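The structure under discussion appears below in the form of structure tokens.
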Amino acid sequence: MGERKGQNKYYPPDYDPRAGGLNKFLGTHALRERARKLDQGILIIRFEMPYNIWCDGCKNHIGMGVRYNAEKKKVGMYYTTPVYQFRMKCHLCDNHFEIKTDPGNLDYVIISGARRQENRWDPTQNGQVVPDDKEMQKRLFDDAMFKLEHTAKDLAASEAAKPVLGRLFERNEDVWRDPYEANSRLRAEFRAKKKDLKATEEIDKTLLAKSSLEIDLVPETEDDKHMASLMSLQTVKSSEEEAAERRQNAINRPSLPGSNIISFGGIRAEKLLSKKLNVSDLGIRKRPSATETSPEESKKPKEDSKSLSLVGDYSSSDTD
């Protein structure tokens, strides 16, 4: 609003019309601080970022539409169109970047201090109107047959786009015939959706608090519900519990096949066999006494002392 000071209706009592305008009389410029570098050919303007960029100083992303106070100056001409260059300071660091206009390609070019985020596409693939370049315009002017073919293609594209445009106009007429009703319907849908989102957020917060997690949960689908219903929950054992179970299984495992596990003294042990064993089951022969020796056995040759001594060790026991 500073530039309006020279256009108001108030004139001081000592104003001399021979001095020229009010700004000349006061010794100020109509643009005030914006014209402080006007002697260098630089004008301070409000510049809006034409596309997304990455700052080379702080490596941060700067979105399209962010506004800066930029120094504007003329750096050249493209035919009769002036080429302007803008210099501005990043709002996140001390880096400066420069951007200039490109009238030939209807675009902006980064000179230094930043790099463009590449999100470009072919406008012919999504139905956009592509302006003719200089070569195309020159060929249309010089070649009559090419101009006829180009006009035929344009008419065919126009005829193909008419049904789509007609449906769009009809939908626009049906939806926005009554702006108040359309606005009320949209607000009602928004309130219902907001209520559902709030309920889902409460459920997610409860689940995250129960699980002690700090992650973003994605919306569940029908496939997720089906897979969860097919899964059975099992108790998860800790490493200490699994180690204790392995030790207990090692203690309770029989050493011999067919043995039974018994307990005595508070400690589980093993019984060697499931039935009571006799001396004959172990293959030990009992030496008969002198009174029990028959005449046939007396005629047999006597065994060596070593065998007799081994047999004699078990002569006192007739069972275990």
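Within each chain, counting starts at residue 1; across the structure tokens, chains are named A, B, ... in the order shown, with ligands numbered 1 upward in that order.
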
Practice item. Could you find all residues in stretch 56-162 of chain A that DSSP calls strand (DSSP E or B) from the backbone, and write them as number ranges by chain? Key: A: 61-62, 67-78, 81-89, 96-102, 107-112, 114-116

Those same residues - N, CA, C and O atoms - I'd like them written as a compact mmCIF listing (two decimals), in the first residue's frame.
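Output contents, as saved in out-v4.txt:
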# COMPACT_ATOMS: atom_id res chain seq x y z
N HIS A 61 12.80 -29.42 -0.02
CA HIS A 61 11.86 -29.31 -1.13
C HIS A 61 11.05 -28.03 -0.99
O HIS A 61 10.57 -27.70 0.10
N ILE A 62 10.91 -27.31 -2.09
CA ILE A 62 10.12 -26.08 -2.13
C ILE A 62 9.01 -26.30 -3.15
O ILE A 62 9.28 -26.57 -4.32
N ARG A 67 5.82 -18.15 -2.44
CA ARG A 67 6.12 -16.79 -2.91
C ARG A 67 7.35 -16.22 -2.21
O ARG A 67 7.59 -16.48 -1.02
N TYR A 68 8.09 -15.42 -2.98
CA TYR A 68 9.31 -14.79 -2.48
C TYR A 68 9.36 -13.35 -2.97
O TYR A 68 8.75 -12.99 -3.99
N ASN A 69 10.12 -12.54 -2.23
CA ASN A 69 10.48 -11.20 -2.71
C ASN A 69 11.72 -11.35 -3.59
O ASN A 69 12.81 -11.63 -3.11
N ALA A 70 11.53 -11.18 -4.89
CA ALA A 70 12.59 -11.45 -5.86
C ALA A 70 13.04 -10.17 -6.54
O ALA A 70 12.27 -9.23 -6.71
N GLU A 71 14.31 -10.17 -6.90
CA GLU A 71 14.88 -9.06 -7.66
C GLU A 71 14.71 -9.34 -9.15
O GLU A 71 15.29 -10.31 -9.67
N LYS A 72 13.97 -8.52 -9.82
CA LYS A 72 13.67 -8.72 -11.23
C LYS A 72 14.51 -7.77 -12.07
O LYS A 72 14.56 -6.57 -11.80
N LYS A 73 15.14 -8.34 -13.11
CA LYS A 73 15.92 -7.50 -14.03
C LYS A 73 15.85 -8.10 -15.43
O LYS A 73 15.66 -9.31 -15.61
N LYS A 74 16.03 -7.26 -16.40
CA LYS A 74 15.98 -7.67 -17.80
C LYS A 74 17.36 -8.11 -18.24
O LYS A 74 18.34 -7.37 -18.07
N VAL A 75 17.46 -9.32 -18.83
CA VAL A 75 18.75 -9.87 -19.22
C VAL A 75 18.87 -10.11 -20.72
O VAL A 75 19.94 -10.49 -21.19
N GLY A 76 17.80 -9.94 -21.49
CA GLY A 76 17.89 -10.18 -22.93
C GLY A 76 16.54 -10.04 -23.59
O GLY A 76 15.54 -9.62 -22.97
N MET A 77 16.53 -10.41 -24.88
CA MET A 77 15.31 -10.34 -25.67
C MET A 77 15.15 -11.64 -26.45
O MET A 77 16.13 -12.23 -26.92
N TYR A 78 13.92 -12.08 -26.61
CA TYR A 78 13.58 -13.18 -27.49
C TYR A 78 12.66 -12.59 -28.56
O TYR A 78 11.47 -12.38 -28.31
N THR A 81 10.16 -10.07 -27.34
CA THR A 81 9.73 -10.36 -25.97
C THR A 81 10.94 -10.26 -25.03
O THR A 81 11.96 -10.94 -25.27
N PRO A 82 10.88 -9.46 -24.00
CA PRO A 82 12.01 -9.36 -23.06
C PRO A 82 12.14 -10.62 -22.22
O PRO A 82 11.16 -11.28 -21.89
N VAL A 83 13.38 -10.96 -21.88
CA VAL A 83 13.69 -12.10 -21.01
C VAL A 83 14.09 -11.54 -19.66
O VAL A 83 15.02 -10.75 -19.55
N TYR A 84 13.38 -11.96 -18.60
CA TYR A 84 13.62 -11.46 -17.25
C TYR A 84 14.26 -12.56 -16.40
O TYR A 84 13.97 -13.75 -16.58
N GLN A 85 15.07 -12.10 -15.46
CA GLN A 85 15.72 -13.01 -14.53
C GLN A 85 15.35 -12.59 -13.11
O GLN A 85 15.32 -11.40 -12.78
N PHE A 86 15.11 -13.59 -12.24
CA PHE A 86 14.65 -13.34 -10.87
C PHE A 86 15.63 -13.99 -9.91
O PHE A 86 16.02 -15.15 -10.09
N ARG A 87 16.01 -13.23 -8.90
CA ARG A 87 16.93 -13.72 -7.88
C ARG A 87 16.25 -13.59 -6.52
O ARG A 87 15.74 -12.52 -6.17
N MET A 88 16.23 -14.69 -5.77
CA MET A 88 15.53 -14.71 -4.48
C MET A 88 16.30 -15.58 -3.50
O MET A 88 17.13 -16.40 -3.89
N LYS A 89 16.01 -15.39 -2.23
CA LYS A 89 16.69 -16.12 -1.15
C LYS A 89 15.76 -17.19 -0.60
O LYS A 89 14.57 -16.97 -0.42
N HIS A 96 20.82 -18.54 -2.27
CA HIS A 96 20.07 -17.77 -3.27
C HIS A 96 19.98 -18.59 -4.55
O HIS A 96 20.94 -19.27 -4.93
N PHE A 97 18.85 -18.53 -5.20
CA PHE A 97 18.71 -19.18 -6.50
C PHE A 97 18.12 -18.19 -7.50
O PHE A 97 17.37 -17.28 -7.13
N GLU A 98 18.48 -18.42 -8.77
CA GLU A 98 18.09 -17.53 -9.85
C GLU A 98 17.31 -18.31 -10.90
O GLU A 98 17.70 -19.42 -11.28
N ILE A 99 16.23 -17.70 -11.39
CA ILE A 99 15.36 -18.30 -12.39
C ILE A 99 15.07 -17.23 -13.44
O ILE A 99 14.87 -16.06 -13.11
N LYS A 100 15.08 -17.64 -14.70
CA LYS A 100 14.76 -16.70 -15.77
C LYS A 100 13.66 -17.27 -16.66
O LYS A 100 13.42 -18.49 -16.69
N THR A 101 13.01 -16.39 -17.39
CA THR A 101 11.93 -16.80 -18.28
C THR A 101 12.50 -17.38 -19.57
O THR A 101 13.61 -17.06 -19.99
N ASP A 102 11.70 -18.27 -20.18
CA ASP A 102 12.06 -18.88 -21.46
C ASP A 102 10.87 -18.73 -22.40
O ASP A 102 10.05 -19.64 -22.53
N ASP A 107 8.23 -21.46 -20.70
CA ASP A 107 8.63 -22.10 -19.45
C ASP A 107 9.60 -21.21 -18.70
O ASP A 107 9.97 -20.12 -19.17
N TYR A 108 10.02 -21.67 -17.52
CA TYR A 108 11.04 -21.02 -16.70
C TYR A 108 12.26 -21.92 -16.63
O TYR A 108 12.13 -23.15 -16.58
N VAL A 109 13.44 -21.34 -16.57
CA VAL A 109 14.71 -22.08 -16.53
C VAL A 109 15.46 -21.69 -15.27
O VAL A 109 15.60 -20.49 -14.96
N ILE A 110 15.96 -22.68 -14.53
CA ILE A 110 16.75 -22.42 -13.32
C ILE A 110 18.20 -22.17 -13.74
O ILE A 110 18.82 -22.99 -14.41
N ILE A 111 18.73 -21.03 -13.32
CA ILE A 111 20.10 -20.67 -13.66
C ILE A 111 21.08 -21.24 -12.62
O ILE A 111 22.07 -21.88 -12.98
N SER A 112 20.81 -21.05 -11.35
CA SER A 112 21.72 -21.52 -10.30
C SER A 112 20.97 -21.58 -8.98
O SER A 112 19.91 -20.97 -8.81
N ALA A 114 19.44 -24.06 -7.41
CA ALA A 114 18.36 -25.02 -7.21
C ALA A 114 18.30 -25.96 -8.40
O ALA A 114 18.96 -25.75 -9.42
N ARG A 115 17.53 -27.00 -8.28
CA ARG A 115 17.29 -27.93 -9.38
C ARG A 115 15.80 -28.29 -9.40
O ARG A 115 15.14 -28.35 -8.37
N ARG A 116 15.34 -28.53 -10.58
CA ARG A 116 13.90 -28.76 -10.77
C ARG A 116 13.53 -30.20 -10.45
O ARG A 116 14.28 -31.14 -10.74

**Study point:** Secondary structure check, alpha helix (DSSP H) residues of stretch 101-165 of chain A, as number ranges by chain
**Key:** A: 134-142, 144-165

Review point. Which neighbours of stretch 122-132 of chain A fall inside 10 Å, counting only C-alpha atoms, when residues of the same chain fewer than 3 positions from it are skipped, and could you give them as number ranges by chain?
Key: A: 106, 135-138, 140, 157, 161

Check your understanding: Hey, can you check how far atom CA of A:Asn52 sits from atom CA of A:Val66?
Key -> 9.2 Å
